[in-house]
$ cat upload_2.txt   # compact mmCIF, N, CA and C atoms
# COMPACT_ATOMS: atom_id res chain seq x y z
N MET A 1 98.31 100.30 118.99
CA MET A 1 98.26 100.28 117.54
C MET A 1 96.87 99.81 117.10
N ARG A 2 96.29 100.56 116.18
CA ARG A 2 94.95 100.24 115.70
C ARG A 2 95.00 99.16 114.62
N PRO A 3 94.03 98.26 114.62
CA PRO A 3 93.99 97.24 113.56
C PRO A 3 93.59 97.87 112.22
N SER A 4 93.99 97.23 111.13
CA SER A 4 93.53 97.66 109.81
C SER A 4 92.02 97.42 109.75
N TRP A 5 91.35 98.02 108.79
CA TRP A 5 89.91 97.81 108.64
C TRP A 5 89.61 96.33 108.41
N ASP A 6 90.42 95.68 107.56
CA ASP A 6 90.20 94.25 107.30
C ASP A 6 90.35 93.43 108.57
N ASP A 7 91.37 93.71 109.36
CA ASP A 7 91.56 92.99 110.62
C ASP A 7 90.41 93.25 111.59
N TYR A 8 90.00 94.50 111.66
CA TYR A 8 88.90 94.90 112.54
C TYR A 8 87.61 94.14 112.20
N PHE A 9 87.24 94.14 110.92
CA PHE A 9 86.00 93.47 110.52
C PHE A 9 86.11 91.95 110.64
N MET A 10 87.30 91.40 110.38
CA MET A 10 87.46 89.95 110.52
C MET A 10 87.36 89.54 111.99
N GLU A 11 87.87 90.36 112.89
CA GLU A 11 87.73 90.05 114.32
C GLU A 11 86.27 90.06 114.73
N ILE A 12 85.49 90.97 114.17
CA ILE A 12 84.06 91.00 114.47
C ILE A 12 83.39 89.75 113.92
N ALA A 13 83.77 89.32 112.71
CA ALA A 13 83.21 88.08 112.13
C ALA A 13 83.53 86.89 113.02
N GLU A 14 84.72 86.87 113.62
CA GLU A 14 85.09 85.79 114.54
C GLU A 14 84.19 85.78 115.76
N VAL A 15 83.84 86.94 116.27
CA VAL A 15 82.93 87.02 117.42
C VAL A 15 81.53 86.55 117.00
N VAL A 16 81.09 86.96 115.81
CA VAL A 16 79.78 86.53 115.31
C VAL A 16 79.73 85.01 115.23
N ALA A 17 80.84 84.38 114.82
CA ALA A 17 80.89 82.92 114.70
C ALA A 17 80.64 82.21 116.02
N THR A 18 80.88 82.87 117.13
CA THR A 18 80.67 82.23 118.43
C THR A 18 79.19 81.95 118.70
N ARG A 19 78.30 82.58 117.94
CA ARG A 19 76.85 82.34 118.08
C ARG A 19 76.40 81.12 117.29
N SER A 20 77.27 80.54 116.48
CA SER A 20 76.92 79.40 115.64
C SER A 20 76.39 78.24 116.47
N THR A 21 75.41 77.53 115.89
CA THR A 21 74.87 76.35 116.55
C THR A 21 75.25 75.07 115.79
N CYS A 22 76.13 75.19 114.79
CA CYS A 22 76.58 74.04 114.02
C CYS A 22 77.57 73.21 114.84
N LEU A 23 77.44 71.91 114.75
CA LEU A 23 78.32 71.01 115.50
C LEU A 23 79.63 70.75 114.78
N ARG A 24 79.69 71.02 113.48
CA ARG A 24 80.87 70.68 112.68
C ARG A 24 81.81 71.86 112.43
N ARG A 25 81.25 73.05 112.21
CA ARG A 25 82.07 74.20 111.84
C ARG A 25 81.37 75.48 112.26
N ARG A 26 82.07 76.32 113.00
CA ARG A 26 81.50 77.60 113.42
C ARG A 26 81.97 78.69 112.46
N VAL A 27 81.01 79.32 111.79
CA VAL A 27 81.34 80.33 110.79
C VAL A 27 80.58 81.61 111.10
N GLY A 28 81.25 82.74 110.96
CA GLY A 28 80.63 84.04 111.10
C GLY A 28 80.90 84.86 109.86
N ALA A 29 79.95 85.74 109.52
CA ALA A 29 80.11 86.62 108.36
C ALA A 29 79.50 87.97 108.66
N ILE A 30 80.12 89.00 108.11
CA ILE A 30 79.52 90.34 108.19
C ILE A 30 79.62 91.00 106.83
N ILE A 31 78.58 91.74 106.48
CA ILE A 31 78.56 92.50 105.23
C ILE A 31 78.79 93.96 105.59
N VAL A 32 79.76 94.56 104.88
CA VAL A 32 80.22 95.91 105.20
C VAL A 32 80.19 96.78 103.94
N GLN A 33 79.76 98.00 104.10
CA GLN A 33 79.83 98.97 103.01
C GLN A 33 80.24 100.32 103.59
N ASP A 34 81.20 100.95 102.97
CA ASP A 34 81.71 102.25 103.42
C ASP A 34 82.10 102.22 104.90
N LYS A 35 82.77 101.14 105.30
CA LYS A 35 83.26 100.94 106.67
C LYS A 35 82.14 100.89 107.71
N ARG A 36 80.95 100.50 107.27
CA ARG A 36 79.79 100.37 108.17
C ARG A 36 79.23 98.96 108.02
N ILE A 37 78.89 98.32 109.12
CA ILE A 37 78.33 96.98 109.10
C ILE A 37 76.86 97.05 108.70
N LEU A 38 76.51 96.31 107.63
CA LEU A 38 75.12 96.26 107.18
C LEU A 38 74.36 95.11 107.84
N ALA A 39 75.05 93.96 108.00
CA ALA A 39 74.39 92.78 108.57
C ALA A 39 75.44 91.78 109.02
N THR A 40 75.01 90.90 109.91
CA THR A 40 75.87 89.80 110.37
C THR A 40 75.11 88.49 110.18
N GLY A 41 75.85 87.41 110.17
CA GLY A 41 75.22 86.09 110.09
C GLY A 41 76.16 85.03 110.61
N TYR A 42 75.58 83.99 111.15
CA TYR A 42 76.36 82.83 111.59
C TYR A 42 75.59 81.59 111.14
N ASN A 43 76.27 80.44 111.10
CA ASN A 43 75.61 79.24 110.61
C ASN A 43 74.84 78.54 111.72
N GLY A 44 73.68 78.03 111.32
CA GLY A 44 72.83 77.33 112.26
C GLY A 44 71.44 77.12 111.70
N ALA A 45 70.63 76.43 112.46
CA ALA A 45 69.26 76.09 112.04
C ALA A 45 68.43 77.36 111.86
N PRO A 46 67.41 77.30 110.98
CA PRO A 46 66.52 78.44 110.80
C PRO A 46 65.84 78.85 112.12
N THR A 47 65.47 80.10 112.19
CA THR A 47 64.81 80.67 113.35
C THR A 47 63.62 79.80 113.79
N GLY A 48 63.60 79.49 115.07
CA GLY A 48 62.49 78.74 115.64
C GLY A 48 62.61 77.23 115.55
N LEU A 49 63.62 76.73 114.82
CA LEU A 49 63.80 75.29 114.71
C LEU A 49 64.86 74.83 115.71
N ALA A 50 64.80 73.55 116.05
CA ALA A 50 65.76 72.98 117.01
C ALA A 50 67.18 73.09 116.46
N HIS A 51 68.09 73.45 117.34
CA HIS A 51 69.51 73.49 116.97
C HIS A 51 70.03 72.08 116.80
N CYS A 52 71.12 71.97 116.06
CA CYS A 52 71.70 70.65 115.78
C CYS A 52 72.16 69.93 117.05
N GLY A 53 72.50 70.68 118.08
CA GLY A 53 72.87 70.07 119.36
C GLY A 53 71.71 69.30 119.97
N VAL A 54 70.48 69.66 119.60
CA VAL A 54 69.28 68.99 120.09
C VAL A 54 68.85 67.90 119.12
N SER A 55 68.81 68.23 117.84
CA SER A 55 68.29 67.30 116.83
C SER A 55 69.33 66.33 116.30
N GLY A 56 70.60 66.65 116.49
CA GLY A 56 71.68 65.83 115.92
C GLY A 56 72.08 66.36 114.55
N CYS A 57 73.24 65.97 114.12
CA CYS A 57 73.78 66.43 112.84
C CYS A 57 73.55 65.36 111.78
N LEU A 58 72.67 65.65 110.84
CA LEU A 58 72.37 64.73 109.76
C LEU A 58 73.62 64.42 108.92
N ARG A 59 74.45 65.42 108.69
CA ARG A 59 75.67 65.23 107.90
C ARG A 59 76.64 64.27 108.59
N GLU A 60 76.73 64.38 109.90
CA GLU A 60 77.57 63.44 110.66
C GLU A 60 76.99 62.03 110.59
N GLN A 61 75.69 61.94 110.77
CA GLN A 61 75.04 60.63 110.74
C GLN A 61 75.23 59.93 109.41
N LEU A 62 75.20 60.71 108.31
CA LEU A 62 75.34 60.14 106.97
C LEU A 62 76.79 60.13 106.48
N LYS A 63 77.70 60.63 107.33
CA LYS A 63 79.13 60.68 106.99
C LYS A 63 79.40 61.45 105.68
N VAL A 64 78.74 62.62 105.55
CA VAL A 64 78.91 63.46 104.37
C VAL A 64 80.18 64.29 104.52
N PRO A 65 81.11 64.20 103.57
CA PRO A 65 82.34 64.99 103.66
C PRO A 65 82.07 66.49 103.56
N SER A 66 82.94 67.26 104.16
CA SER A 66 82.85 68.72 104.07
C SER A 66 82.92 69.14 102.61
N GLY A 67 82.09 70.11 102.24
CA GLY A 67 82.09 70.63 100.89
C GLY A 67 81.17 69.90 99.93
N GLU A 68 80.47 68.89 100.41
CA GLU A 68 79.59 68.09 99.55
C GLU A 68 78.18 68.05 100.12
N ARG A 69 77.20 67.89 99.22
CA ARG A 69 75.80 67.66 99.58
C ARG A 69 75.27 68.67 100.60
N HIS A 70 75.38 69.95 100.25
CA HIS A 70 74.94 71.02 101.15
C HIS A 70 73.47 70.92 101.54
N GLU A 71 72.68 70.29 100.68
CA GLU A 71 71.25 70.19 100.97
C GLU A 71 70.95 69.24 102.13
N LEU A 72 71.93 68.43 102.50
CA LEU A 72 71.74 67.49 103.62
C LEU A 72 72.19 68.13 104.93
N CYS A 73 71.62 69.28 105.20
CA CYS A 73 71.93 70.01 106.43
C CYS A 73 70.72 70.85 106.79
N ARG A 74 70.38 70.88 108.05
CA ARG A 74 69.21 71.66 108.47
C ARG A 74 69.57 73.13 108.67
N GLY A 75 70.87 73.43 108.65
CA GLY A 75 71.33 74.79 108.92
C GLY A 75 71.51 75.64 107.67
N LEU A 76 71.55 76.92 107.92
CA LEU A 76 71.90 77.92 106.90
C LEU A 76 73.35 78.31 107.13
N HIS A 77 74.02 78.70 106.06
CA HIS A 77 75.40 79.17 106.20
C HIS A 77 75.42 80.62 106.68
N ALA A 78 76.52 81.04 107.24
CA ALA A 78 76.67 82.39 107.79
C ALA A 78 76.41 83.45 106.71
N GLU A 79 76.96 83.23 105.52
CA GLU A 79 76.78 84.19 104.44
C GLU A 79 75.31 84.29 104.05
N GLN A 80 74.62 83.14 104.01
CA GLN A 80 73.20 83.14 103.69
C GLN A 80 72.41 83.93 104.72
N ASN A 81 72.71 83.73 106.00
CA ASN A 81 72.01 84.47 107.04
C ASN A 81 72.27 85.97 106.97
N ALA A 82 73.48 86.37 106.62
CA ALA A 82 73.78 87.80 106.48
C ALA A 82 73.01 88.39 105.30
N ILE A 83 72.95 87.67 104.18
CA ILE A 83 72.18 88.12 103.02
C ILE A 83 70.71 88.24 103.38
N ILE A 84 70.18 87.24 104.09
CA ILE A 84 68.78 87.26 104.49
C ILE A 84 68.49 88.46 105.39
N GLN A 85 69.38 88.77 106.31
CA GLN A 85 69.18 89.92 107.18
C GLN A 85 69.08 91.22 106.38
N CYS A 86 69.93 91.35 105.37
CA CYS A 86 69.82 92.54 104.50
C CYS A 86 68.47 92.56 103.80
N ALA A 87 68.04 91.41 103.28
CA ALA A 87 66.76 91.34 102.58
C ALA A 87 65.59 91.68 103.50
N VAL A 88 65.60 91.12 104.70
CA VAL A 88 64.52 91.36 105.66
C VAL A 88 64.39 92.85 105.99
N HIS A 89 65.52 93.53 106.06
CA HIS A 89 65.52 94.94 106.44
C HIS A 89 65.62 95.89 105.25
N GLY A 90 65.54 95.37 104.04
CA GLY A 90 65.53 96.21 102.84
C GLY A 90 66.84 96.94 102.59
N ILE A 91 67.96 96.29 102.87
CA ILE A 91 69.28 96.92 102.73
C ILE A 91 69.97 96.36 101.50
N SER A 92 70.39 97.23 100.59
CA SER A 92 71.12 96.81 99.40
C SER A 92 72.56 96.45 99.76
N MET A 93 73.04 95.38 99.15
CA MET A 93 74.43 94.95 99.34
C MET A 93 75.28 95.29 98.12
N GLN A 94 74.70 95.99 97.16
CA GLN A 94 75.39 96.31 95.91
C GLN A 94 76.72 97.00 96.20
N GLY A 95 77.82 96.39 95.76
CA GLY A 95 79.14 96.98 95.92
C GLY A 95 79.77 96.76 97.29
N ALA A 96 79.13 95.97 98.15
CA ALA A 96 79.63 95.77 99.52
C ALA A 96 80.71 94.69 99.56
N THR A 97 81.33 94.58 100.74
CA THR A 97 82.33 93.55 101.03
C THR A 97 81.76 92.64 102.09
N ILE A 98 82.03 91.33 101.96
CA ILE A 98 81.66 90.40 103.02
C ILE A 98 82.94 89.84 103.62
N TYR A 99 82.96 89.76 104.94
CA TYR A 99 84.05 89.16 105.70
C TYR A 99 83.50 87.86 106.26
N SER A 100 84.20 86.76 106.01
CA SER A 100 83.75 85.46 106.47
C SER A 100 84.91 84.69 107.08
N THR A 101 84.62 83.94 108.13
CA THR A 101 85.68 83.18 108.78
C THR A 101 86.04 81.92 108.00
N THR A 102 85.33 81.65 106.91
CA THR A 102 85.63 80.53 106.03
C THR A 102 85.31 80.93 104.59
N GLN A 103 86.06 80.40 103.65
CA GLN A 103 85.79 80.63 102.23
C GLN A 103 84.36 80.22 101.92
N PRO A 104 83.60 81.04 101.19
CA PRO A 104 82.22 80.66 100.85
C PRO A 104 82.15 79.41 99.97
N CYS A 105 81.12 78.60 100.18
CA CYS A 105 80.86 77.44 99.34
C CYS A 105 80.26 77.93 98.02
N VAL A 106 80.04 77.01 97.10
CA VAL A 106 79.50 77.38 95.79
C VAL A 106 78.08 77.96 95.91
N LEU A 107 77.25 77.42 96.80
CA LEU A 107 75.90 77.95 96.95
C LEU A 107 75.92 79.39 97.44
N CYS A 108 76.72 79.65 98.46
CA CYS A 108 76.83 81.01 98.99
C CYS A 108 77.46 81.94 97.96
N SER A 109 78.44 81.43 97.23
CA SER A 109 79.11 82.25 96.22
C SER A 109 78.13 82.73 95.15
N LYS A 110 77.26 81.84 94.70
CA LYS A 110 76.27 82.23 93.70
C LYS A 110 75.32 83.30 94.25
N MET A 111 74.95 83.16 95.51
CA MET A 111 74.09 84.16 96.14
C MET A 111 74.82 85.49 96.28
N LEU A 112 76.09 85.45 96.67
CA LEU A 112 76.87 86.68 96.84
C LEU A 112 77.06 87.40 95.50
N ILE A 113 77.27 86.63 94.44
CA ILE A 113 77.39 87.22 93.10
C ILE A 113 76.12 87.97 92.76
N ASN A 114 74.97 87.32 92.91
CA ASN A 114 73.70 87.96 92.54
C ASN A 114 73.30 89.08 93.49
N ALA A 115 73.80 89.05 94.72
CA ALA A 115 73.49 90.12 95.68
C ALA A 115 74.29 91.39 95.41
N GLY A 116 75.30 91.29 94.54
CA GLY A 116 76.09 92.48 94.20
C GLY A 116 77.33 92.68 95.04
N ILE A 117 77.73 91.67 95.82
CA ILE A 117 78.96 91.77 96.61
C ILE A 117 80.14 91.91 95.65
N LYS A 118 81.05 92.80 95.96
CA LYS A 118 82.20 93.04 95.07
C LYS A 118 83.52 92.52 95.63
N LYS A 119 83.57 92.25 96.93
CA LYS A 119 84.81 91.78 97.54
C LYS A 119 84.48 90.79 98.65
N ILE A 120 85.28 89.73 98.72
CA ILE A 120 85.13 88.73 99.78
C ILE A 120 86.47 88.57 100.47
N VAL A 121 86.46 88.81 101.78
CA VAL A 121 87.65 88.61 102.60
C VAL A 121 87.33 87.41 103.49
N PHE A 122 88.18 86.39 103.42
CA PHE A 122 87.90 85.18 104.21
C PHE A 122 89.16 84.67 104.86
N GLN A 123 88.95 83.87 105.91
CA GLN A 123 90.05 83.33 106.71
C GLN A 123 90.44 81.92 106.31
N GLY A 124 89.54 80.99 106.45
CA GLY A 124 89.87 79.59 106.27
C GLY A 124 89.45 79.05 104.92
N ALA A 125 90.25 78.17 104.36
CA ALA A 125 89.92 77.55 103.09
C ALA A 125 88.76 76.58 103.25
N TYR A 126 88.08 76.31 102.15
CA TYR A 126 86.97 75.37 102.12
C TYR A 126 87.15 74.52 100.86
N PRO A 127 86.89 73.24 100.92
CA PRO A 127 87.17 72.37 99.76
C PRO A 127 86.15 72.54 98.63
N ASP A 128 86.20 73.69 97.95
CA ASP A 128 85.23 73.98 96.90
C ASP A 128 85.88 74.85 95.82
N GLN A 129 86.52 74.21 94.85
CA GLN A 129 87.20 74.94 93.78
C GLN A 129 86.21 75.59 92.82
N LEU A 130 85.03 75.01 92.62
CA LEU A 130 84.03 75.61 91.75
C LEU A 130 83.64 76.98 92.26
N SER A 131 83.52 77.10 93.57
CA SER A 131 83.21 78.39 94.19
C SER A 131 84.21 79.45 93.76
N LEU A 132 85.48 79.12 93.87
CA LEU A 132 86.54 80.09 93.52
C LEU A 132 86.50 80.44 92.03
N ARG A 133 86.23 79.45 91.18
CA ARG A 133 86.17 79.72 89.74
C ARG A 133 85.01 80.65 89.40
N LEU A 134 83.85 80.41 90.01
CA LEU A 134 82.69 81.27 89.74
C LEU A 134 82.93 82.70 90.21
N LEU A 135 83.50 82.84 91.40
CA LEU A 135 83.78 84.18 91.93
C LEU A 135 84.79 84.91 91.06
N GLU A 136 85.79 84.20 90.58
CA GLU A 136 86.78 84.82 89.70
C GLU A 136 86.13 85.24 88.38
N GLU A 137 85.30 84.36 87.82
CA GLU A 137 84.60 84.68 86.57
C GLU A 137 83.70 85.90 86.74
N ALA A 138 83.10 86.05 87.91
CA ALA A 138 82.20 87.18 88.18
C ALA A 138 82.97 88.47 88.46
N GLY A 139 84.29 88.37 88.59
CA GLY A 139 85.10 89.57 88.84
C GLY A 139 85.07 90.04 90.28
N ILE A 140 84.73 89.14 91.19
CA ILE A 140 84.70 89.50 92.60
C ILE A 140 86.10 89.38 93.17
N GLU A 141 86.54 90.40 93.86
CA GLU A 141 87.87 90.39 94.47
C GLU A 141 87.86 89.44 95.66
N LEU A 142 88.85 88.54 95.69
CA LEU A 142 88.98 87.60 96.79
C LEU A 142 90.26 87.87 97.55
N GLN A 143 90.14 87.87 98.86
CA GLN A 143 91.31 88.09 99.70
C GLN A 143 91.29 87.12 100.87
N SER A 144 92.33 86.31 100.95
CA SER A 144 92.47 85.38 102.07
C SER A 144 93.36 86.01 103.12
N THR A 145 92.88 86.06 104.35
CA THR A 145 93.70 86.66 105.42
C THR A 145 94.76 85.70 105.91
N GLU A 146 94.63 84.42 105.56
CA GLU A 146 95.64 83.45 106.00
C GLU A 146 96.97 83.69 105.33
N SER A 147 96.93 84.06 104.04
CA SER A 147 98.18 84.28 103.32
C SER A 147 98.45 85.77 103.13
N ASP A 148 97.47 86.61 103.51
CA ASP A 148 97.56 88.06 103.30
C ASP A 148 97.76 88.40 101.83
N ASN A 149 97.32 87.52 100.96
CA ASN A 149 97.40 87.76 99.52
C ASN A 149 96.03 87.56 98.92
N ASP A 150 95.82 88.19 97.75
CA ASP A 150 94.60 87.93 97.02
C ASP A 150 94.64 86.50 96.52
N VAL A 151 93.48 85.88 96.37
CA VAL A 151 93.40 84.50 95.90
C VAL A 151 93.47 84.50 94.39

$ encode --input "upload_2.txt" --output "structure tokens"
Amino acid sequence: MRPSWDDYFMEIAEVVATRSTCLRRRVGAIIVQDKRILATGYNGAPTGLAHCGVSGCLREQLKVPSGERHELCRGLHAEQNAIIQCAVHGISMQGATIYSTTQPCVLCSKMLINAGIKKIVFQGAYPDQLSLRLLEEAGIELQSTESDNDV
């Protein structure tokens, strides 16, 4: 039996997450348009910088709760890296769908809104209600695979 397109792309996002260098949460994301993958991203330190396994996790050291003080992290989020890959290669995301192994935070959500993403399929919840409110206000379709219902 073949997986649905949503299941297929979410499984690929899960594999992408295995490349994560974050010590706290492994996240993978892929941007898809017309059933074709445009870009992938996982969370971790910027290219050429030491991974958190080497430098240590500043958020752990400062005991920053999940969902707060995003600027106190040396890493980029998976969604940010996928958006950057599209930008580097001159690929428009207008009208595309992003699959993420975790609900986007408010910073990523604002970037996804401005990038023209129209649908977000995600697996795990994230403690960020502002993110959900902004995405709803922007008219972006949200789908959680955990409940198999739209958010």

$ residues_around --input "upload_2.txt" --residues "Ser66 (chain A)" --least-positions-apart "4" --cutoff "8 Å" --atoms "all atoms listed in the file" --output "JSON, numbers by chain"
{"A": [70, 126, 127, 128]}

$ closest_residue --input "upload_2.txt" --among "A:Leu76, A:Lys35, A:Leu49, A:Thr40" --to "Val15 (chain A)" --atoms "only C-alpha atoms"
A:Thr40

$ residues_near_point --input "upload_2.txt" --point "(78.6, 99.5, 103.0)" --cutoff "8 Å" --atoms "only N, CA and C atoms" --output "VMD selection string"
chain A and resid 31 to 38 92 to 97

$ write_last_selection --input "upload_2.txt" --atoms "N, CA and C atoms" --output "PDB file, keeping the file's coordinate frame"
ATOM      1  N   ILE A  31      78.580  91.740 106.480  1.00  0.00           N
ATOM      2  CA  ILE A  31      78.560  92.500 105.230  1.00  0.00           C
ATOM      3  C   ILE A  31      78.790  93.960 105.590  1.00  0.00           C
ATOM      4  N   VAL A  32      79.760  94.560 104.880  1.00  0.00           N
ATOM      5  CA  VAL A  32      80.220  95.910 105.200  1.00  0.00           C
ATOM      6  C   VAL A  32      80.190  96.780 103.940  1.00  0.00           C
ATOM      7  N   GLN A  33      79.760  98.000 104.100  1.00  0.00           N
ATOM      8  CA  GLN A  33      79.830  98.970 103.010  1.00  0.00           C
ATOM      9  C   GLN A  33      80.240 100.320 103.590  1.00  0.00           C
ATOM     10  N   ASP A  34      81.200 100.950 102.970  1.00  0.00           N
ATOM     11  CA  ASP A  34      81.710 102.250 103.420  1.00  0.00           C
ATOM     12  C   ASP A  34      82.100 102.220 104.900  1.00  0.00           C
ATOM     13  N   LYS A  35      82.770 101.140 105.300  1.00  0.00           N
ATOM     14  CA  LYS A  35      83.260 100.940 106.670  1.00  0.00           C
ATOM     15  C   LYS A  35      82.140 100.890 107.710  1.00  0.00           C
ATOM     16  N   ARG A  36      80.950 100.500 107.270  1.00  0.00           N
ATOM     17  CA  ARG A  36      79.790 100.370 108.170  1.00  0.00           C
ATOM     18  C   ARG A  36      79.230  98.960 108.020  1.00  0.00           C
ATOM     19  N   ILE A  37      78.890  98.320 109.120  1.00  0.00           N
ATOM     20  CA  ILE A  37      78.330  96.980 109.100  1.00  0.00           C
ATOM     21  C   ILE A  37      76.860  97.050 108.700  1.00  0.00           C
ATOM     22  N   LEU A  38      76.510  96.310 107.630  1.00  0.00           N
ATOM     23  CA  LEU A  38      75.120  96.260 107.180  1.00  0.00           C
ATOM     24  C   LEU A  38      74.360  95.110 107.840  1.00  0.00           C
ATOM     25  N   SER A  92      70.390  97.230 100.590  1.00  0.00           N
ATOM     26  CA  SER A  92      71.120  96.810  99.400  1.00  0.00           C
ATOM     27  C   SER A  92      72.560  96.450  99.760  1.00  0.00           C
ATOM     28  N   MET A  93      73.040  95.380  99.150  1.00  0.00           N
ATOM     29  CA  MET A  93      74.430  94.950  99.340  1.00  0.00           C
ATOM     30  C   MET A  93      75.280  95.290  98.120  1.00  0.00           C
ATOM     31  N   GLN A  94      74.700  95.990  97.160  1.00  0.00           N
ATOM     32  CA  GLN A  94      75.390  96.310  95.910  1.00  0.00           C
ATOM     33  C   GLN A  94      76.720  97.000  96.200  1.00  0.00           C
ATOM     34  N   GLY A  95      77.820  96.390  95.760  1.00  0.00           N
ATOM     35  CA  GLY A  95      79.140  96.980  95.920  1.00  0.00           C
ATOM     36  C   GLY A  95      79.770  96.760  97.290  1.00  0.00           C
ATOM     37  N   ALA A  96      79.130  95.970  98.150  1.00  0.00           N
ATOM     38  CA  ALA A  96      79.630  95.770  99.520  1.00  0.00           C
ATOM     39  C   ALA A  96      80.710  94.690  99.560  1.00  0.00           C
ATOM     40  N   THR A  97      81.330  94.580 100.740  1.00  0.00           N
ATOM     41  CA  THR A  97      82.330  93.550 101.030  1.00  0.00           C
ATOM     42  C   THR A  97      81.760  92.640 102.090  1.00  0.00           C
TER      43      THR A  97
END

$ atom_distance --input "upload_2.txt" --atom1 "CA of Lys63 (chain A)" --atom2 "CA of Ser144 (chain A)"
28.5 Å

$ residues_around --input "upload_2.txt" --residues "Leu107 (chain A)" --least-positions-apart "4" --cutoff "7 Å" --atoms "only N, CA and C atoms" --output "short mmCIF file (atom, residue, chain, number, x, y, z; two decimals) with N, CA and C atoms, in the frame of the given file"
data_model
loop_
_atom_site.label_atom_id
_atom_site.label_comp_id
_atom_site.auth_asym_id
_atom_site.auth_seq_id
_atom_site.Cartn_x
_atom_site.Cartn_y
_atom_site.Cartn_z
N MET A 111 74.95 83.16 95.51
CA MET A 111 74.09 84.16 96.14
C MET A 111 74.82 85.49 96.28
N LEU A 112 76.09 85.45 96.67
CA LEU A 112 76.87 86.68 96.84
C LEU A 112 77.06 87.40 95.50
N SER A 131 83.52 77.10 93.57
CA SER A 131 83.21 78.39 94.19
C SER A 131 84.21 79.45 93.76
#

$ select_by_dssp --input "upload_2.txt" --residues "region 52-138 of chain A" --states "strand (DSSP E or B)" --output "list in words"
Leu76, Thr97, Ile98, Tyr99, Ser100, Thr101, Thr102, Lys119, Ile120, Val121, Phe122, Gln123 and Gly124 of chain A

$ atom_distance --input "upload_2.txt" --atom1 "CA of Gly56 (chain A)" --atom2 "CA of Arg74 (chain A)"
9.8 Å

$ atom_distance --input "upload_2.txt" --atom1 "CA of Gly41 (chain A)" --atom2 "CA of Met10 (chain A)"
12.8 Å

$ select_by_dssp --input "upload_2.txt" --residues "chain A" --states "alpha helix (DSSP H)" --output "MDAnalysis selection string"
chainID A and resid 5:17 52:55 58:61 78:88 106:115 129:137

$ residues_around --input "upload_2.txt" --residues "Val16 (chain A)" --least-positions-apart "6" --cutoff "7 Å" --atoms "all atoms listed in the file" --output "JSON, numbers by chain"
{"A": [27, 28, 29, 41, 42]}

$ closest_residue --input "upload_2.txt" --among "A:Cys57, A:Val64, A:Leu23, A:Ala82" --to "Ala39 (chain A)" --atoms "all atoms listed in the file"
A:Ala82

$ residues_around --input "upload_2.txt" --residues "Ser55 (chain A)" --least-positions-apart "5" --cutoff "12 Å" --atoms "only C-alpha atoms" --output "short mmCIF file (atom, residue, chain, number, x, y, z; two decimals) with N, CA and C atoms, in the frame of the given file"
data_model
loop_
_atom_site.label_atom_id
_atom_site.label_comp_id
_atom_site.auth_asym_id
_atom_site.auth_seq_id
_atom_site.Cartn_x
_atom_site.Cartn_y
_atom_site.Cartn_z
N THR A 21 75.41 77.53 115.89
CA THR A 21 74.87 76.35 116.55
C THR A 21 75.25 75.07 115.79
N CYS A 22 76.13 75.19 114.79
CA CYS A 22 76.58 74.04 114.02
C CYS A 22 77.57 73.21 114.84
N LEU A 23 77.44 71.91 114.75
CA LEU A 23 78.32 71.01 115.50
C LEU A 23 79.63 70.75 114.78
N GLY A 44 73.68 78.03 111.32
CA GLY A 44 72.83 77.33 112.26
C GLY A 44 71.44 77.12 111.70
N ALA A 45 70.63 76.43 112.46
CA ALA A 45 69.26 76.09 112.04
C ALA A 45 68.43 77.36 111.86
N LEU A 49 63.62 76.73 114.82
CA LEU A 49 63.80 75.29 114.71
C LEU A 49 64.86 74.83 115.71
N ALA A 50 64.80 73.55 116.05
CA ALA A 50 65.76 72.98 117.01
C ALA A 50 67.18 73.09 116.46
N GLU A 60 76.73 64.38 109.90
CA GLU A 60 77.57 63.44 110.66
C GLU A 60 76.99 62.03 110.59
N GLN A 61 75.69 61.94 110.77
CA GLN A 61 75.04 60.63 110.74
C GLN A 61 75.23 59.93 109.41
N CYS A 73 71.62 69.28 105.20
CA CYS A 73 71.93 70.01 106.43
C CYS A 73 70.72 70.85 106.79
N ARG A 74 70.38 70.88 108.05
CA ARG A 74 69.21 71.66 108.47
C ARG A 74 69.57 73.13 108.67
N GLY A 75 70.87 73.43 108.65
CA GLY A 75 71.33 74.79 108.92
C GLY A 75 71.51 75.64 107.67
#

$ closest_residue --input "upload_2.txt" --among "A:Cys86, A:Ile120, A:Ile12, A:Leu132" --to "Thr145 (chain A)" --atoms "all atoms listed in the file"
A:Ile120

$ closest_residue --input "upload_2.txt" --among "A:Gln80, A:Phe122, A:Ala87, A:Ser20" --to "Ser109 (chain A)" --atoms "all atoms listed in the file"
A:Gln80

$ closest_residue --input "upload_2.txt" --among "A:Ile83, A:Leu135, A:Ala78, A:Met1" --to "Ser100 (chain A)" --atoms "all atoms listed in the file"
A:Ala78

$ residues_around --input "upload_2.txt" --residues "Lys119 (chain A)" --least-positions-apart "2" --cutoff "7 Å" --atoms "only N, CA and C atoms" --output "list in words"
Gly95, Ala96, Thr97, Ile98, Tyr99, Gly116, Ile117, Val121, Ile140, Glu141, Leu142 and Gln143 of chain A

$ closest_residue --input "upload_2.txt" --among "A:Gln129, A:Thr18, A:Asn114, A:Gln103" --to "Asn43 (chain A)" --atoms "only N, CA and C atoms"
A:Thr18
